[in-house]
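As stored in model_29.txt (compact mmCIF, C-alpha atoms):
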# COMPACT_ATOMS: atom_id res chain seq x y z
CA MET G 1382 238.98 228.22 119.45
CA ALA G 1383 241.27 226.41 116.99
CA LYS G 1384 244.26 227.40 119.08
CA ARG G 1385 242.71 225.95 122.24
CA LEU G 1386 241.87 222.73 120.41
CA LEU G 1387 245.44 222.51 119.18
CA ILE G 1388 246.79 223.03 122.69
CA TRP G 1389 244.48 220.36 124.15
CA THR G 1390 245.40 217.92 121.40
CA GLY G 1391 249.06 218.58 122.07
CA LEU G 1392 248.60 218.05 125.81
CA LEU G 1393 246.68 214.82 125.22
CA PHE G 1394 249.47 213.61 122.95
CA LEU G 1395 251.96 214.51 125.68
CA ASP G 1396 249.91 212.46 128.17
CA LEU G 1397 249.98 209.55 125.74
CA VAL G 1398 253.77 209.80 125.38
CA ILE G 1399 254.18 209.93 129.16
CA ALA G 1400 251.92 206.87 129.58
CA VAL G 1401 253.92 204.92 126.98
CA LEU G 1402 257.18 205.92 128.68
CA ILE G 1403 255.82 204.77 132.06
CA LEU G 1404 254.79 201.41 130.57
CA CYS G 1405 258.19 201.00 128.88
CA ALA G 1406 260.00 201.87 132.12
CA TYR G 1407 257.88 199.42 134.12
CA PHE G 1408 257.85 196.46 131.73
CA GLY G 1409 261.28 197.11 130.25
CA GLY G 1410 263.44 198.57 133.00
CA TYR G 1411 261.76 197.19 136.11
CA ARG G 1412 260.37 193.83 134.93
CA GLY G 1413 262.90 193.25 132.11
CA LEU G 1414 260.19 191.94 129.79
CA LEU G 1415 260.58 194.12 126.72
CA LEU G 1416 262.45 192.50 123.83
CA VAL G 1417 263.39 189.35 125.75
CA ASP G 1418 263.38 187.59 122.38
CA GLN G 1419 266.14 189.91 121.16
CA GLY G 1420 268.43 188.85 124.00
CA SER G 1421 269.72 190.58 127.09
CA GLU G 1422 273.05 191.43 128.68
CA HIS G 1423 271.34 190.82 132.03
CA PRO G 1424 269.59 187.49 131.63
CA GLN G 1425 266.90 186.56 134.09
CA TRP G 1426 264.40 183.73 134.23
CA HIS G 1427 260.79 184.72 133.56
CA ASN G 1428 258.07 182.25 134.51
CA VAL G 1429 255.72 181.63 131.57
CA THR G 1430 253.67 178.92 133.29
CA PRO G 1431 250.01 180.01 133.37
CA ASP G 1432 248.46 180.90 136.73
CA CYS G 1433 251.63 181.00 138.84
CA PRO G 1434 252.10 183.92 141.24
CA ASP G 1435 255.07 185.21 139.22
CA THR G 1436 253.81 184.44 135.70
CA ILE G 1437 254.63 187.20 133.25
CA PRO G 1438 251.70 189.46 132.20
CA GLU G 1439 249.32 188.16 129.54
CA LEU G 1440 250.56 190.53 126.82
CA PHE G 1441 254.07 189.12 127.05
CA GLN G 1442 252.82 185.55 127.50
CA MET G 1443 251.02 185.88 124.16
CA GLU G 1444 254.21 187.22 122.60
CA TYR G 1445 256.84 184.82 123.95
CA SER G 1446 254.92 181.69 124.92
CA PRO G 1447 251.51 181.51 123.25
CA TRP G 1448 249.40 178.35 123.77
CA PRO G 1449 251.24 177.18 126.90
CA LEU G 1450 250.36 173.93 128.62
CA PRO G 1451 248.38 174.20 131.86
CA ARG G 1452 250.38 174.53 135.07
CA ASP G 1453 249.91 170.89 136.07
CA GLN G 1454 251.47 169.76 132.80
CA ASN G 1455 254.47 172.00 132.35
CA LEU G 1456 256.53 174.39 134.46
CA SER G 1457 258.36 176.58 131.99
CA ALA G 1458 260.51 179.69 131.89
CA ILE G 1459 262.36 181.86 129.39
CA ALA G 1460 265.49 184.03 129.58
CA GLY G 1461 266.93 186.43 127.01
CA ILE G 1462 270.64 185.96 126.27
CA THR G 1463 273.21 187.72 124.12
CA LEU G 1464 276.03 185.90 122.37
CA GLN G 1465 279.48 187.26 121.64
CA PRO G 1466 282.37 185.58 119.82
CA GLY G 1467 284.58 183.75 122.32
CA ARG G 1468 282.06 184.13 125.15
CA PRO G 1469 279.82 181.08 125.41
CA VAL G 1470 276.64 181.07 127.45
CA VAL G 1471 276.84 178.27 130.01
CA LEU G 1472 273.89 176.77 131.88
CA LYS G 1473 274.57 174.83 135.08
CA GLY G 1474 271.81 172.95 136.82
CA LYS G 1475 270.52 169.65 138.05
CA PRO G 1476 268.02 167.32 136.38
CA ASN G 1477 264.44 167.95 137.38
CA PRO G 1478 261.94 165.41 138.75
CA THR G 1479 259.75 165.59 135.67
CA ARG G 1480 258.68 163.19 132.97
CA TYR G 1481 260.74 165.13 130.45
CA TRP G 1482 262.56 168.45 130.30
CA ASN G 1483 264.32 170.30 127.53
CA ILE G 1484 266.05 173.57 126.76
CA VAL G 1485 265.50 175.23 123.39
CA PHE G 1486 267.30 178.23 121.90
CA TYR G 1487 265.18 180.66 119.87
CA PRO G 1488 267.44 182.98 117.81
CA ALA G 1489 266.50 186.66 117.65
CA GLY G 1490 264.73 187.81 114.53
CA VAL G 1491 263.30 184.40 113.65
CA ASP G 1492 259.51 184.69 113.82
CA LYS G 1493 258.61 181.25 112.49
CA HIS G 1494 259.89 178.61 114.86
CA THR G 1495 260.13 175.05 113.52
CA SER G 1496 261.38 171.63 114.60
CA SER G 1497 264.89 172.58 113.42
CA LEU G 1498 265.48 174.80 116.48
CA PRO G 1499 268.64 173.90 118.43
CA CYS G 1500 267.80 172.14 121.68
CA ILE G 1501 268.80 169.53 124.20
CA ASP G 1502 266.58 167.32 126.32
CA CYS G 1503 266.89 165.08 129.36
CA SER G 1504 267.39 161.94 127.29
CA ARG G 1505 270.45 163.38 125.53
CA VAL G 1506 272.10 165.42 128.27
CA GLU G 1507 275.33 164.01 129.70
CA LEU G 1508 275.65 164.49 133.44
CA GLU G 1509 278.72 165.39 135.49
CA PRO G 1510 279.97 162.89 138.12
CA ASP G 1511 278.04 164.82 140.81
CA GLY G 1512 274.76 164.41 138.90
CA THR G 1513 274.54 167.99 137.63
CA TYR G 1514 274.67 169.13 134.02
CA VAL G 1515 276.58 171.81 132.14
CA ILE G 1516 275.14 172.99 128.82
CA THR G 1517 277.06 175.32 126.51
CA LEU G 1518 275.46 177.60 123.94
CA SER G 1519 277.91 178.90 121.38
CA ALA G 1520 278.61 179.18 117.68
CA THR G 1521 281.61 176.85 117.86
CA PRO G 1522 281.54 173.24 119.10
CA ALA G 1523 282.01 173.00 122.87
CA GLY G 1524 282.20 169.33 123.78
CA LYS G 1525 279.27 167.57 125.40
CA ASN G 1526 275.84 169.17 125.84
CA TRP G 1527 276.50 171.76 123.13
CA ILE G 1528 273.68 173.86 121.68
CA ASP G 1529 274.69 175.35 118.35
CA THR G 1530 273.62 179.01 118.22
CA GLY G 1531 274.78 179.49 114.63
CA ASP G 1532 275.35 183.10 113.66
CA ALA G 1533 272.79 184.49 116.13
CA SER G 1534 273.89 187.42 118.28
CA GLY G 1535 271.13 186.83 120.78
CA GLY G 1536 267.77 185.30 121.43
CA PHE G 1537 266.07 183.52 124.26
CA ILE G 1538 266.29 180.14 125.92
CA PHE G 1539 263.16 178.29 126.89
CA MET G 1540 263.15 175.59 129.56
CA ARG G 1541 260.15 173.25 129.67
CA ASN G 1542 259.48 170.70 132.42
CA TYR G 1543 256.68 168.35 131.36
CA VAL G 1544 254.56 166.76 134.08
CA PRO G 1545 256.55 167.75 137.16
CA ALA G 1546 256.29 165.35 140.09
CA PRO G 1547 253.63 166.69 142.51
CA GLY G 1548 255.03 168.68 145.41
CA GLN G 1549 258.56 168.72 144.01
CA THR G 1550 260.72 171.72 143.19
CA VAL G 1551 261.86 172.43 139.65
CA THR G 1552 265.26 174.07 139.23
CA LEU G 1553 266.04 176.52 136.43
CA PRO G 1554 269.78 176.43 135.71
CA ALA G 1555 272.23 179.19 136.56
CA ILE G 1556 273.26 181.28 133.56
CA TYR G 1557 276.90 182.21 133.00
CA TYR G 1558 278.40 184.46 130.35
CA GLY G 1559 281.77 182.76 130.03
CA ASP G 1560 282.90 182.34 133.65
CA ARG G 1561 280.74 185.17 134.96
CA LEU G 1562 277.57 184.26 136.84
CA MET G 1563 274.73 186.37 135.46
CA GLN G 1564 271.64 184.66 136.92
CA PRO G 1565 271.80 182.20 139.82
CA ALA G 1566 269.85 178.97 139.61
CA LYS G 1567 266.20 179.57 140.43
CA GLU G 1568 263.84 177.16 142.11
CA VAL G 1569 260.17 177.02 141.14
CA ASP G 1570 257.90 175.31 143.63
CA ASP G 1571 255.05 173.17 142.47
CA VAL G 1572 252.12 175.24 143.66
CA ARG G 1573 249.34 172.75 142.86
CA MET T 1092 246.28 230.10 147.15
CA SER T 1093 245.28 232.20 144.19
CA ALA T 1094 242.64 231.19 141.68
CA LYS T 1095 245.40 230.76 139.08
CA ALA T 1096 247.25 228.31 141.32
CA TYR T 1097 244.03 226.33 141.84
CA ARG T 1098 243.47 226.22 138.11
CA ARG T 1099 247.01 224.92 137.52
CA LEU T 1100 246.57 222.31 140.22
CA GLY T 1101 243.31 221.25 138.61
CA MET T 1102 244.99 220.97 135.21
CA LEU T 1103 247.75 218.83 136.70
CA GLY T 1104 245.17 216.56 138.33
CA LEU T 1105 243.31 216.25 135.05
CA HIS T 1106 246.47 215.20 133.20
CA LEU T 1107 247.34 212.70 135.94
CA ALA T 1108 243.85 211.23 135.64
CA VAL T 1109 244.21 210.98 131.85
CA ILE T 1110 247.60 209.25 132.19
CA ILE T 1111 246.25 206.84 134.81
CA LEU T 1112 243.38 205.96 132.45
CA LEU T 1113 245.74 205.61 129.49
CA LEU T 1114 248.03 203.08 131.23
CA PRO T 1115 245.54 200.16 131.32
CA GLY T 1116 243.97 201.43 128.09
CA ILE T 1117 247.23 201.02 126.18
CA TYR T 1118 248.06 197.67 127.84
CA TYR T 1119 244.67 196.06 127.20
CA GLY T 1120 244.52 197.68 123.77
CA LEU T 1121 247.76 195.91 122.85
CA CYS T 1122 246.32 192.64 124.23
CA LEU T 1123 243.24 193.08 122.04
CA ILE T 1124 245.41 193.74 118.98
CA ARG T 1125 247.24 190.46 119.69
CA VAL T 1126 243.91 188.64 120.08
CA TYR T 1127 242.79 190.08 116.75
CA GLN T 1128 246.04 188.92 115.12
CA VAL T 1129 245.55 185.40 116.50
CA HIS T 1130 241.97 185.37 115.22
CA ARG T 1131 243.07 186.59 111.77
CA LEU T 1132 245.88 184.02 111.53
CA THR T 1133 243.43 181.29 112.54
CA GLN T 1134 241.01 182.32 109.80
CA GLU T 1135 243.83 182.48 107.26
CA ARG T 1136 244.96 178.98 108.21
CA LEU T 1137 241.42 177.64 107.93
CA HIS T 1138 241.11 179.29 104.52
CA ALA T 1139 244.47 177.86 103.40
CA GLU T 1140 243.43 174.37 104.54
CA GLY T 1141 240.03 174.78 102.92
CA VAL T 1142 238.21 173.59 106.03
CA ALA T 1143 235.54 174.96 108.35
CA PRO T 1144 235.68 174.92 112.17
CA ASN T 1145 234.66 171.61 113.79
CA THR T 1146 235.56 169.53 110.74
CA ALA T 1147 239.28 168.82 110.66
CA ALA T 1148 242.57 168.63 112.52
CA PHE T 1149 245.64 169.95 110.77
CA LEU T 1150 249.32 169.48 111.43
CA VAL T 1151 251.18 172.57 112.67
CA THR T 1152 254.83 172.63 111.66
CA GLU T 1153 255.80 176.16 112.66
CA GLY T 1154 254.74 178.91 115.03
CA ARG T 1155 255.78 181.12 117.93
CA GLY T 1156 257.19 179.11 120.82
CA PHE T 1157 257.26 175.87 118.80
CA ASN T 1158 258.82 173.04 120.82
CA PRO T 1159 261.00 170.95 118.49
CA GLY T 1160 260.39 167.88 120.65
CA ASN T 1161 256.67 167.92 119.85
CA LEU T 1162 254.34 167.03 117.04
CA TYR T 1163 251.32 169.38 117.00
CA TRP T 1164 247.79 168.87 115.70
CA ALA T 1165 245.39 171.81 115.84
CA VAL T 1166 241.59 171.92 115.75
CA VAL T 1167 239.56 175.12 115.42
CA TYR T 1168 236.29 174.55 117.24
CA ASP T 1169 233.02 176.39 117.68
CA CYS T 1170 230.76 174.81 120.31
CA ARG T 1171 228.20 177.60 120.51
CA GLU T 1172 225.59 175.57 118.61
CA THR T 1173 226.90 171.99 118.59
CA ASP T 1174 229.31 169.69 120.41
CA VAL T 1175 232.43 168.43 118.64
CA GLU T 1176 233.60 164.83 118.55
CA ILE T 1177 237.28 164.04 118.03
CA THR T 1178 238.48 160.48 117.47
CA GLY T 1179 242.03 159.28 117.11
CA ILE T 1180 244.82 157.26 118.67
CA VAL T 1181 246.98 158.11 121.64
CA PRO T 1182 250.33 156.87 120.31
CA LYS T 1183 253.08 155.53 122.51
CA ALA T 1184 255.05 158.66 123.28
CA ARG T 1185 256.78 160.42 126.10
CA TYR T 1186 253.81 162.76 126.44
CA TRP T 1187 250.39 163.31 124.86
CA SER T 1188 247.76 165.94 125.62
CA MET T 1189 244.69 167.64 124.16
CA VAL T 1190 244.24 171.18 125.49
CA PRO T 1191 241.65 173.82 124.45
CA TYR T 1192 242.63 177.51 124.32
CA ASP T 1193 240.77 180.80 124.24
CA PHE T 1194 241.66 183.53 121.75
CA HIS T 1195 244.05 184.99 124.34
CA THR T 1196 246.04 181.77 123.71
CA LEU T 1197 245.58 180.71 127.34
CA PRO T 1198 244.63 177.14 128.28
CA LEU T 1199 241.24 176.26 129.72
CA ASP T 1200 240.99 174.32 132.97
CA SER T 1201 239.40 171.28 131.31
CA TYR T 1202 241.73 169.14 129.16
CA LEU T 1203 242.90 165.60 128.50
CA PHE T 1204 246.38 164.14 128.75
CA ASP T 1205 247.83 160.65 128.77
CA GLY T 1206 247.20 160.42 132.51
CA ASN T 1207 243.40 160.91 132.35
CA VAL T 1208 242.27 160.06 128.81
CA VAL T 1209 240.14 156.93 128.49
CA THR T 1210 241.23 154.76 125.56
CA GLU T 1211 240.53 151.37 124.02
CA GLN T 1212 243.23 148.71 124.28
CA ASP T 1213 244.70 149.80 120.94
CA GLY T 1214 244.95 153.41 122.12
CA ARG T 1215 241.84 154.66 120.32
CA TYR T 1216 239.91 157.43 122.00
CA THR T 1217 236.79 159.47 121.43
CA ALA T 1218 236.77 162.93 123.00
CA TYR T 1219 233.99 165.51 123.16
CA LEU T 1220 234.22 169.27 123.26
CA THR T 1221 231.09 170.68 124.82
CA THR T 1222 229.73 173.61 126.74
CA ARG T 1223 227.20 171.30 128.47
CA PRO T 1224 229.06 168.33 129.99
CA LYS T 1225 226.89 165.31 130.68
CA GLY T 1226 229.29 162.76 132.09
CA ARG T 1227 230.60 161.07 128.94
CA PRO T 1228 234.19 159.78 129.13
CA ASN T 1229 236.78 162.21 127.72
CA GLU T 1230 234.54 165.27 127.84
CA ILE T 1231 236.30 168.61 127.66
CA ASP T 1232 234.27 171.49 129.04
CA VAL T 1233 234.85 174.51 126.80
CA SER T 1234 232.16 176.73 128.33
CA ALA T 1235 234.90 179.19 129.35
CA ALA T 1236 235.67 179.65 125.63
CA PRO T 1237 232.86 178.20 123.46
CA ALA T 1238 234.88 179.07 120.34
CA GLY T 1239 238.64 178.69 120.21
CA GLY T 1240 241.49 176.39 119.30
CA LEU T 1241 242.52 172.98 120.55
CA VAL T 1242 246.08 171.69 120.43
CA ILE T 1243 247.07 168.02 120.51
CA ARG T 1244 250.71 167.59 121.54
CA ILE T 1245 252.71 164.41 121.05
CA SER T 1246 256.24 164.40 122.44
CA PHE T 1247 258.78 161.97 120.99
CA PRO T 1248 256.30 159.45 119.55
CA GLU T 1249 257.58 155.87 119.24
CA ASP T 1250 255.12 155.11 116.46
CA ALA T 1251 255.50 157.83 113.84
CA ALA T 1252 252.67 156.47 111.69
CA ALA T 1253 250.17 156.64 114.57
CA ALA T 1254 251.34 160.12 115.58
CA ASN T 1255 251.03 161.38 112.00
CA ALA T 1256 247.54 159.99 111.50
CA ALA T 1257 245.12 162.92 111.58
CA PRO T 1258 242.43 162.69 114.26
CA SER T 1259 238.95 162.91 112.78
CA VAL T 1260 236.78 165.79 113.85
CA ARG T 1261 233.04 166.30 113.36
CA PRO T 1262 230.25 168.37 114.86
CA ILE T 1263 227.57 166.40 116.68
CA GLY T 1264 224.14 167.55 117.74
CA ARG T 1265 223.10 168.00 121.33
CA ASP T 1266 220.33 165.84 122.71

Could I get this structure in the form of C-alpha cells?
Amino acid sequence: MAKRLLIWTGLLFLDLVIAVLILCAYFGGYRGLLLVDQGSEHPQWHNVTPDCPDTIPELFQMEYSPWPLPRDQNLSAIAGITLQPGRPVVLKGKPNPTRYWNIVFYPAGVDKHTSSLPCIDCSRVELEPDGTYVITLSATPAGKNWIDTGDASGGFIFMRNYVPAPGQTVTLPAIYYGDRLMQPAKEVDDVR
Amino acid sequence: MSAKAYRRLGMLGLHLAVIILLLPGIYYGLCLIRVYQVHRLTQERLHAEGVAPNTAAFLVTEGRGFNPGNLYWAVVYDCRETDVEITGIVPKARYWSMVPYDFHTLPLDSYLFDGNVVTEQDGRYTAYLTTRPKGRPNEIDVSAAPAGGLVIRISFPEDAAAANAAPSVRPIGRD
C-alpha cells in the first residue's frame, strides 16, 4: 500500500514537473516573456497596454507593468535588452502623435523603481534632419539622446505614449545592438 | 489489444488529464499569489502611514514600473458600505488622471483624466467613488472592484506646490 502511494506521489510530482516545463517553454521560449526584466539577447517589443489583442498575459502584466493606464490613455510596450561594453543599444524611431511619450530604462535586479531612473522624453529628444530620432543606451556618454545605463548588464526599456491621437498609429522604435538590427520598428494601431 | 495495453493507455490518458488540469492551475495560482502580495503590501503601506481605507491619499515615491516623469498619489478605497469623496486640485501639467484599480492591478473602465474631469475655475475638483452612480459630476463607478486602489498621476506639473498638495479623502454616506 505504502509502495503504491509512493509511486503515485512520484508520478504526480512528475506531472507537476512536466506542467512547469510546458509553461516555461511556452511563456519563455515561445512568447519570450520570462525574465524580460533581466534583459534579453533577442529583444522584442511586448505590448503591456490593457485590453489590446496582443497584450501580454495578466501574470506578466502584474510583474512588469502593474497599475497600467487604460488603453485610451497610454499605449505602452516593454523590451528586455542586454548591455555589453563597447556595444551600445540604439533605438531608432519617429515621434508619435501623442500628448507625451518617453522611454525609461529599468536596470535588472532593481526592484524598487524611483524617479531617478534614466529616461528621455519627447520634450528633450533631439531629432535628426529627417524628423526621426536616434537614442543610445550605454554606460559611456554617446552624444545627443543618451540614456546612461550605469553599470547594468541588462534590464528592460519601457516606452509610454500618453493620450495617443484617436485613430493614429504609434510606432515603437527599432532596436539595434551596435549596428545590428535586433527588432524592427513595430507599429501599434489605435484600436479604440 | 491486450488488457495490459489498455491499462497503460488509460494511465497515459490519466497523466495527460492531470497535466492539462495543472497548466491553468499553476498559472492562476501564481496570479493569486501576486494578488495576495499586492494586498499584503497595500496593508503594510496603510499600517506604515497610520491611516484607514477611505481616509487619506499618500504620495508614492517608488514601486514596480514607476514612471520618473510622474508624480503619484494613491488612495486605498473600500466602497462596499459607503461612497468616497476626493477633493483636490488638477494642477497645470502635461497630464493628469485618476484611475481605480482592482487587486489584479488592472484599471477599471470608469476613470477621470484632464479631458473629462469637471473642475472649478481654479482647478478644484470633487470626485466620487461609488458602486451606485447617480449622475453627479466626476463620479467613478467602482462596482467592478468595490474595494481596491486608486492612483492619481500628474506628469510634469508646472505648479509643484499644487501637485504636492495632498487631495483630501473621506467616506460619505449613501442617500

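Residues lying within 8 Å of region 1486-1492 of chain G, counting only C-alpha atoms and ignoring same-chain neighbours fewer than 4 positions away, are G:Asp1418, G:Gln1419, G:Gly1420, G:Leu1498, G:Pro1499, G:Cys1500, G:Ile1528, G:Thr1530, G:Ala1533, G:Ser1534, G:Gly1535, G:Gly1536, G:Phe1537, G:Ile1538, G:Phe1539, T:Gly1154, T:Arg1155.
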
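Using all atoms listed in the file for every distance, the candidate list T:Ser1259, T:Thr1133, T:Ser1246, T:Thr1173 yields T:Ser1246 as the residue closest to chain G.
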
Can you build me a table of chain T residues sitting at most 10 Å from chain G, with the closest atom pair per residue and its distance in Å to one decimal, using only C-alpha atoms, sorted by chain and residue number, as a tab-separated table?
residue	atom	partner	partner_atom	distance
T:His1106	CA	G:Asp1396	CA	6.7
T:Leu1107	CA	G:Asp1396	CA	8.2
T:Ala1108	CA	G:Asp1396	CA	9.7
T:Val1109	CA	G:Asp1396	CA	6.9
T:Ile1110	CA	G:Ala1400	CA	5.6
T:Ile1111	CA	G:Ala1400	CA	7.7
T:Leu1112	CA	G:Ala1400	CA	9.1
T:Leu1113	CA	G:Ala1400	CA	6.3
T:Leu1114	CA	G:Ala1400	CA	5.7
T:Pro1115	CA	G:Leu1404	CA	9.4
T:Gly1116	CA	G:Ala1400	CA	9.7
T:Ile1117	CA	G:Val1401	CA	7.8
T:Tyr1118	CA	G:Leu1440	CA	7.6
T:Tyr1119	CA	G:Leu1440	CA	8.1
T:Gly1120	CA	G:Leu1440	CA	9.8
T:Leu1121	CA	G:Leu1440	CA	7.2
T:Cys1122	CA	G:Leu1440	CA	5.4
T:Leu1123	CA	G:Leu1440	CA	9.1
T:Ile1124	CA	G:Leu1440	CA	9.9
T:Arg1125	CA	G:Met1443	CA	7.4
T:Val1126	CA	G:Met1443	CA	8.6
T:Val1129	CA	G:Met1443	CA	9.4
T:Val1151	CA	G:Thr1495	CA	9.3
T:Thr1152	CA	G:Thr1495	CA	6.1
T:Glu1153	CA	G:Thr1495	CA	4.6
T:Gly1154	CA	G:His1494	CA	5.2
T:Arg1155	CA	G:His1494	CA	5.7
T:Gly1156	CA	G:Ser1446	CA	5.3
T:Phe1157	CA	G:His1494	CA	5.5
T:Asn1158	CA	G:Ser1496	CA	6.9
T:Pro1159	CA	G:Ser1496	CA	4.0
T:Gly1160	CA	G:Ser1496	CA	7.2
T:Asn1161	CA	G:Ser1496	CA	8.0
T:Leu1162	CA	G:Ser1496	CA	8.8
T:Arg1185	CA	G:Tyr1481	CA	7.5
T:Tyr1186	CA	G:Tyr1543	CA	8.0
T:Ser1188	CA	G:Leu1450	CA	8.9
T:Met1189	CA	G:Leu1450	CA	9.6
T:Val1190	CA	G:Leu1450	CA	7.4
T:Pro1191	CA	G:Trp1448	CA	9.0
T:Tyr1192	CA	G:Trp1448	CA	6.8
T:Asp1193	CA	G:Trp1448	CA	9.0
T:Phe1194	CA	G:Trp1448	CA	9.5
T:His1195	CA	G:Met1443	CA	7.0
T:Thr1196	CA	G:Trp1448	CA	4.8
T:Leu1197	CA	G:Trp1448	CA	5.7
T:Pro1198	CA	G:Pro1451	CA	6.0
T:Leu1199	CA	G:Pro1451	CA	7.7
T:Asp1200	CA	G:Pro1451	CA	7.5
T:Ser1201	CA	G:Pro1451	CA	9.5
T:Tyr1202	CA	G:Pro1451	CA	8.8
T:Phe1204	CA	G:Gln1454	CA	8.6
T:Gly1206	CA	G:Val1544	CA	9.8
T:Gly1240	CA	G:Trp1448	CA	9.3
T:Leu1241	CA	G:Trp1448	CA	9.3
T:Val1242	CA	G:Trp1448	CA	8.2
T:Arg1244	CA	G:Leu1450	CA	9.5
T:Ser1246	CA	G:Tyr1481	CA	9.2

So how far away is CA of Arg1261 (chain T) from CA of Arg1215 (chain T), in Å?
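Value for the CA of Arg1215 (chain T)-CA of Arg1261 (chain T) distance: 16.2 Å.
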
Give as number ranges by chain the set of residues within 9 Å of the point (275.6, 173.5, 125.4), where distances use the file's coordinates and all atoms listed in the file.
G: 1469-1472, 1500-1501, 1515-1519, 1522-1529

If we count all atoms listed in the file and set the cut-off at 9 Å, which residues sit around region 1219-1231 of chain T, ignoring sequence neighbours fewer than 2 positions away in its own chain? Please answer as an MDAnalysis selection string.
chainID T and resid 1168 1170:1171 1173:1178 1190:1191 1201:1203 1207:1210 1216:1217 1233:1237 1265

T:Phe1247, T:Val1167, T:Glu1172, T:Ala1184 ranked by distance to Leu1150 (chain T), top pick (using all atoms listed in the file):
T:Val1167

Model the absent atoms of region 1216-1231 of chain T so that N, CA and C atoms are present, and write the result as a tab-separated table (two decimals), in the coordinates of the input.
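Saved to rebuild_33.tsv:
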chain	number	residue	atom	x	y	z
T	1216	TYR	N	240.72	156.64	121.07
T	1216	TYR	CA	239.91	157.43	122.00
T	1216	TYR	C	238.82	158.17	121.24
T	1217	THR	N	237.79	158.54	121.95
T	1217	THR	CA	236.79	159.47	121.43
T	1217	THR	C	236.63	160.56	122.48
T	1218	ALA	N	236.86	161.79	122.07
T	1218	ALA	CA	236.77	162.93	123.00
T	1218	ALA	C	235.65	163.87	122.54
T	1219	TYR	N	235.08	164.59	123.48
T	1219	TYR	CA	233.99	165.51	123.16
T	1219	TYR	C	234.30	166.90	123.69
T	1220	LEU	N	234.15	167.87	122.82
T	1220	LEU	CA	234.22	169.27	123.26
T	1220	LEU	C	232.78	169.74	123.43
T	1221	THR	N	232.48	170.28	124.56
T	1221	THR	CA	231.09	170.68	124.82
T	1221	THR	C	231.03	171.81	125.83
T	1222	THR	N	229.96	172.57	125.72
T	1222	THR	CA	229.73	173.61	126.74
T	1222	THR	C	228.73	173.09	127.80
T	1223	ARG	N	228.16	171.89	127.52
T	1223	ARG	CA	227.20	171.30	128.47
T	1223	ARG	C	227.62	169.86	128.79
T	1224	PRO	N	228.59	169.68	129.68
T	1224	PRO	CA	229.06	168.33	129.99
T	1224	PRO	C	227.95	167.47	130.57
T	1225	LYS	N	227.93	166.20	130.14
T	1225	LYS	CA	226.89	165.31	130.68
T	1225	LYS	C	227.47	163.97	131.10
T	1226	GLY	N	228.71	163.94	131.48
T	1226	GLY	CA	229.29	162.76	132.09
T	1226	GLY	C	229.84	161.71	131.15
T	1227	ARG	N	229.98	162.04	129.85
T	1227	ARG	CA	230.60	161.07	128.94
T	1227	ARG	C	232.09	160.98	129.25
T	1228	PRO	N	232.74	159.84	128.96
T	1228	PRO	CA	234.19	159.78	129.13
T	1228	PRO	C	234.86	160.76	128.16
T	1229	ASN	N	235.98	161.31	128.57
T	1229	ASN	CA	236.78	162.21	127.72
T	1229	ASN	C	236.04	163.47	127.28
T	1230	GLU	N	235.18	163.99	128.16
T	1230	GLU	CA	234.54	165.27	127.84
T	1230	GLU	C	235.47	166.42	128.22
T	1231	ILE	N	235.54	167.40	127.36
T	1231	ILE	CA	236.30	168.61	127.66
T	1231	ILE	C	235.31	169.77	127.71
